[in-house]
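One structure is given here, and the rest of the page talks about it.
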Amino acid sequence: MAKKVMLAGESWMSFTTHVKGFDTFHTSVYETGKEWLEKAVKAAGYEFVFIPNHEAMDGFPFTLEELKEYSCIILSDIGANTLLLPTETFNRSVKKPNRCNLLRDYVLSGGSLLMVGGYMTFSGIDGKGKWHDTAVQEVLPVEVSTLDDRMEHCEGVTPEILKKDHPVFKGVSEAWPQVLGYNKTVAKPEAEVLATVCGDPFIAFGKYGKGKSGVFTTDCAPHWAPPEFCNWESYNQLFANIIAYLEV
């Protein structure tokens with residue numbers, strides 16, 4: 001049986017008002033940004049499980065035993081509130097397990113956690129990601145800001161690889177495409193920083209208890225990751241290497 005990797009987040013709904021002179025009408029759309037990571041995970045031989053944001057509120061596991069079914073859990077563009085405020089708690093004041101605490105315990109007991117950048121991970125837009133004051137912060141290799149941490153670079157910036165011979169970069173092209181932004185963090189003393197962007201952590205890892213966590217501080221899909229990054233020849237290999245290294 002293939003080992004499982006969970007991706008939580010990477011989905012959104014948009015509601016648009018169109019104004020045509022005197023008249024208006026509305027359109028809505030549901031979209032995901034999972035396709036690139038899904039291909040990379042499957043190409044690496046793992047079973048891919050996707051929990052979009054609107055389902056994660058109540059569908060993300062509530063027990064440590066359920067989390068342990070996964071070789072790696074990836075959080076991408078999902079805010080902490082989605083896990084802190086399940087429907088029963090928000091609507092009916094029912095006590096539920098704190099899933100941020102469970103994610104910490106999952107890592108400490110031997111699990112692998114990867115946080116990928118976006119407008120709702122790390123601190124995110126207007127600080128709404130809110131991961132800095134959860135237990136997840138305890139098992140990340142970087143300090144998350146309490147403020148809006150987005151670094152927008154519409155001109156494009158190129159990551160700098162610090163350890164080219166590291167297993168994470170095996171089979172990965174040295175010619176990296178540019179990214180259009182990232183979440184600004186500060187490396188913890190114990191962090192293994194493998195790449196930076198504008199001097200800030202880009203790829204970093206840390207060991208906590210029996211497990212390991214990592215950060216990839218830009219998007220895994222548009223918009224910070226432009227087409228040349230998502231369609232980069234080394235995209236699949238890079239993420240396969242990252243997941244494999246988290247399991248070591």
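Following the order of the structure tokens, chains are lettered A, B, ..., residues in each are numbered from 1, and ligands are numbered from 1.
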> What are the DSSP strand (DSSP E) residues of region 4-247 of chain A, as a PyMOL selection string?
Replying inline: chain A and resi 4-9+11-20+23-32+47-51+70-76+112-116+142-143+150-157+160-161+179-183+186-187+192-197+200-208+211-216
> Could you name the residues that touch region 219-231 of chain A at 12 Å or less, counting only C-alpha atoms, but leaving out those on the same chain fewer than 5 positions away, as a ChimeraX atom specification?
Replying inline: /A:7,9-11,31-40,74-78,114-122,124,150-159,173,175-183,202-203,236-239
> What's the 9 Å shell around Ile161 (chain A), counting only C-alpha atoms, without same-chain residues fewer than 5 positions away, as a list in words?
Replying inline: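 In the requested format, the answer is Phe169, Glu174, Leu194, Ala195, Thr196, Val197 and Ile203 of chain A.
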>> I'd like the contact shell of region 186-192 of chain A - 9 Å cut-off, only C-alpha atoms, skipping same-chain residues fewer than 5 positions apart - returned as a VMD selection string.
In response: chain A and resid 140 to 145 200 to 201 203 to 207
> Neighbours of region 81-92 of chain A within 8 Å (only C-alpha atoms; same-chain residues fewer than 3 positions away dropped), as a list in words?
Replying inline: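 These residues fall inside the cut-off: Asn53, Ala56, Met57, Asp58, Phe60, Ile78, Lys95, Lys96, Asn98, Arg99, Cys100, Gly129 and Lys130 of chain A.
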Print the selection's residues with all heavy atoms to a file, as an mmCIF file, in the first residue's frame.
data_model
loop_
_atom_site.group_PDB
_atom_site.id
_atom_site.type_symbol
_atom_site.label_atom_id
_atom_site.label_comp_id
_atom_site.auth_asym_id
_atom_site.auth_seq_id
_atom_site.Cartn_x
_atom_site.Cartn_y
_atom_site.Cartn_z
ATOM 1 N N ASN A 53 -10.128 23.879 1.758
ATOM 2 C CA ASN A 53 -10.379 24.740 2.915
ATOM 3 C C ASN A 53 -11.784 24.585 3.495
ATOM 4 O O ASN A 53 -11.952 24.449 4.708
ATOM 5 C CB ASN A 53 -10.143 26.205 2.536
ATOM 6 C CG ASN A 53 -8.683 26.606 2.619
ATOM 7 O OD1 ASN A 53 -8.044 26.417 3.649
ATOM 8 N ND2 ASN A 53 -8.149 27.155 1.546
ATOM 9 N N ALA A 56 -12.022 21.375 5.297
ATOM 10 C CA ALA A 56 -11.080 21.184 6.404
ATOM 11 C C ALA A 56 -11.653 21.614 7.749
ATOM 12 O O ALA A 56 -11.271 21.077 8.792
ATOM 13 C CB ALA A 56 -9.789 21.950 6.126
ATOM 14 N N MET A 57 -12.581 22.559 7.752
ATOM 15 C CA MET A 57 -13.177 23.021 9.012
ATOM 16 C C MET A 57 -13.688 21.855 9.839
ATOM 17 O O MET A 57 -13.493 21.797 11.055
ATOM 18 C CB MET A 57 -14.307 24.013 8.736
ATOM 19 C CG MET A 57 -13.849 25.336 8.166
ATOM 20 S SD MET A 57 -15.229 26.423 7.769
ATOM 21 C CE MET A 57 -15.915 26.700 9.393
ATOM 22 N N ASP A 58 -14.332 20.903 9.182
ATOM 23 C CA ASP A 58 -14.884 19.754 9.893
ATOM 24 C C ASP A 58 -14.286 18.427 9.426
ATOM 25 O O ASP A 58 -14.462 17.412 10.106
ATOM 26 C CB ASP A 58 -16.406 19.711 9.728
ATOM 27 C CG ASP A 58 -17.078 20.939 10.321
ATOM 28 O OD1 ASP A 58 -16.740 21.312 11.454
ATOM 29 O OD2 ASP A 58 -17.940 21.536 9.636
ATOM 30 N N PHE A 60 -10.852 17.911 8.536
ATOM 31 C CA PHE A 60 -9.474 17.671 8.951
ATOM 32 C C PHE A 60 -9.506 16.816 10.215
ATOM 33 O O PHE A 60 -10.333 17.031 11.100
ATOM 34 C CB PHE A 60 -8.763 18.998 9.225
ATOM 35 C CG PHE A 60 -7.275 18.888 9.385
ATOM 36 C CD1 PHE A 60 -6.439 19.044 8.297
ATOM 37 C CD2 PHE A 60 -6.708 18.632 10.632
ATOM 38 C CE1 PHE A 60 -5.051 18.950 8.443
ATOM 39 C CE2 PHE A 60 -5.343 18.530 10.791
ATOM 40 C CZ PHE A 60 -4.511 18.687 9.694
ATOM 41 N N ILE A 78 -3.912 27.836 4.009
ATOM 42 C CA ILE A 78 -5.012 27.554 4.928
ATOM 43 C C ILE A 78 -4.714 28.253 6.239
ATOM 44 O O ILE A 78 -3.619 28.116 6.794
ATOM 45 C CB ILE A 78 -5.201 26.031 5.127
ATOM 46 C CG1 ILE A 78 -6.344 25.747 6.123
ATOM 47 C CG2 ILE A 78 -3.903 25.353 5.572
ATOM 48 C CD1 ILE A 78 -6.702 24.273 6.235
ATOM 49 N N LYS A 95 -17.174 22.003 22.691
ATOM 50 C CA LYS A 95 -15.740 21.780 22.788
ATOM 51 C C LYS A 95 -15.298 20.712 21.791
ATOM 52 O O LYS A 95 -15.947 19.678 21.636
ATOM 53 C CB LYS A 95 -15.358 21.341 24.200
ATOM 54 C CG LYS A 95 -15.528 22.404 25.261
ATOM 55 C CD LYS A 95 -15.098 21.862 26.621
ATOM 56 C CE LYS A 95 -15.268 22.913 27.707
ATOM 57 N NZ LYS A 95 -14.861 22.386 29.039
ATOM 58 N N LYS A 96 -14.163 20.973 21.120
ATOM 59 C CA LYS A 96 -13.585 20.018 20.175
ATOM 60 C C LYS A 96 -12.068 19.992 20.389
ATOM 61 O O LYS A 96 -11.488 20.944 20.914
ATOM 62 C CB LYS A 96 -13.896 20.422 18.726
ATOM 63 C CG LYS A 96 -15.380 20.524 18.394
ATOM 64 C CD LYS A 96 -16.038 19.166 18.329
ATOM 65 C CE LYS A 96 -15.673 18.425 17.074
ATOM 66 N NZ LYS A 96 -16.404 17.151 16.941
ATOM 67 N N ASN A 98 -8.225 20.622 19.878
ATOM 68 C CA ASN A 98 -7.473 21.680 19.191
ATOM 69 C C ASN A 98 -6.533 21.018 18.181
ATOM 70 O O ASN A 98 -5.533 20.394 18.550
ATOM 71 C CB ASN A 98 -6.681 22.499 20.214
ATOM 72 C CG ASN A 98 -5.983 23.682 19.595
ATOM 73 O OD1 ASN A 98 -5.434 23.602 18.487
ATOM 74 N ND2 ASN A 98 -5.972 24.798 20.294
ATOM 75 N N ARG A 99 -6.836 21.164 16.896
ATOM 76 C CA ARG A 99 -6.070 20.458 15.864
ATOM 77 C C ARG A 99 -4.707 21.070 15.607
ATOM 78 O O ARG A 99 -3.839 20.418 15.040
ATOM 79 C CB ARG A 99 -6.918 20.350 14.592
ATOM 80 C CG ARG A 99 -8.085 19.388 14.782
ATOM 81 C CD ARG A 99 -9.032 19.397 13.631
ATOM 82 N NE ARG A 99 -9.786 20.631 13.560
ATOM 83 C CZ ARG A 99 -10.719 20.882 12.633
ATOM 84 N NH1 ARG A 99 -10.987 19.979 11.711
ATOM 85 N NH2 ARG A 99 -11.375 22.020 12.636
ATOM 86 N N CYS A 100 -4.487 22.309 16.045
ATOM 87 C CA CYS A 100 -3.134 22.871 15.991
ATOM 88 C C CYS A 100 -2.249 22.173 17.012
ATOM 89 O O CYS A 100 -1.079 21.872 16.734
ATOM 90 C CB CYS A 100 -3.176 24.377 16.237
ATOM 91 S SG CYS A 100 -3.995 25.309 14.918
ATOM 92 N N GLY A 129 -3.460 34.711 8.689
ATOM 93 C CA GLY A 129 -3.036 33.313 8.739
ATOM 94 C C GLY A 129 -2.994 32.804 10.168
ATOM 95 O O GLY A 129 -3.326 31.656 10.451
ATOM 96 N N LYS A 130 -2.498 33.651 11.059
ATOM 97 C CA LYS A 130 -2.588 33.457 12.514
ATOM 98 C C LYS A 130 -1.859 32.219 13.048
ATOM 99 O O LYS A 130 -2.151 31.714 14.132
ATOM 100 C CB LYS A 130 -4.072 33.401 12.930
ATOM 101 C CG LYS A 130 -4.322 33.630 14.421
ATOM 102 C CD LYS A 130 -5.806 33.655 14.734
ATOM 103 C CE LYS A 130 -6.085 33.583 16.220
ATOM 104 N NZ LYS A 130 -5.437 34.653 16.985
#
>> DSSP on the backbone: which residues in region 2-248 of chain A end up as helix (DSSP H, G or I)? Give the answer as a VMD selection string.
In response: chain A and resid 35 to 43 53 to 59 64 to 67 80 to 84 87 to 92 99 to 108 125 to 127 131 to 133 135 to 139 167 to 169 227 to 230 235 to 247
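Nearest residue to Glu247 (chain A), choosing from A:Asp126, A:Gly214, A:Glu55, A:Thr24 and counting only C-alpha atoms: A:Gly214.
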> Which is closer to Ser234 (chain A) than all the others in A:Ala8, A:Cys72, A:Val168, A:Leu102, using only C-alpha atoms?
Replying inline: A:Val168
>> Just checking: using only C-alpha atoms, which residue out of A:Asp148, A:Glu66, A:Asp105, A:Glu47 ends up closest to Val136 (chain A)?
In response: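 Smallest separation from Val136 (chain A) among the options: A:Asp105.
Put simply, CA of Lys170 (chain A) is 7.5 Å away from CA of Asn241 (chain A).
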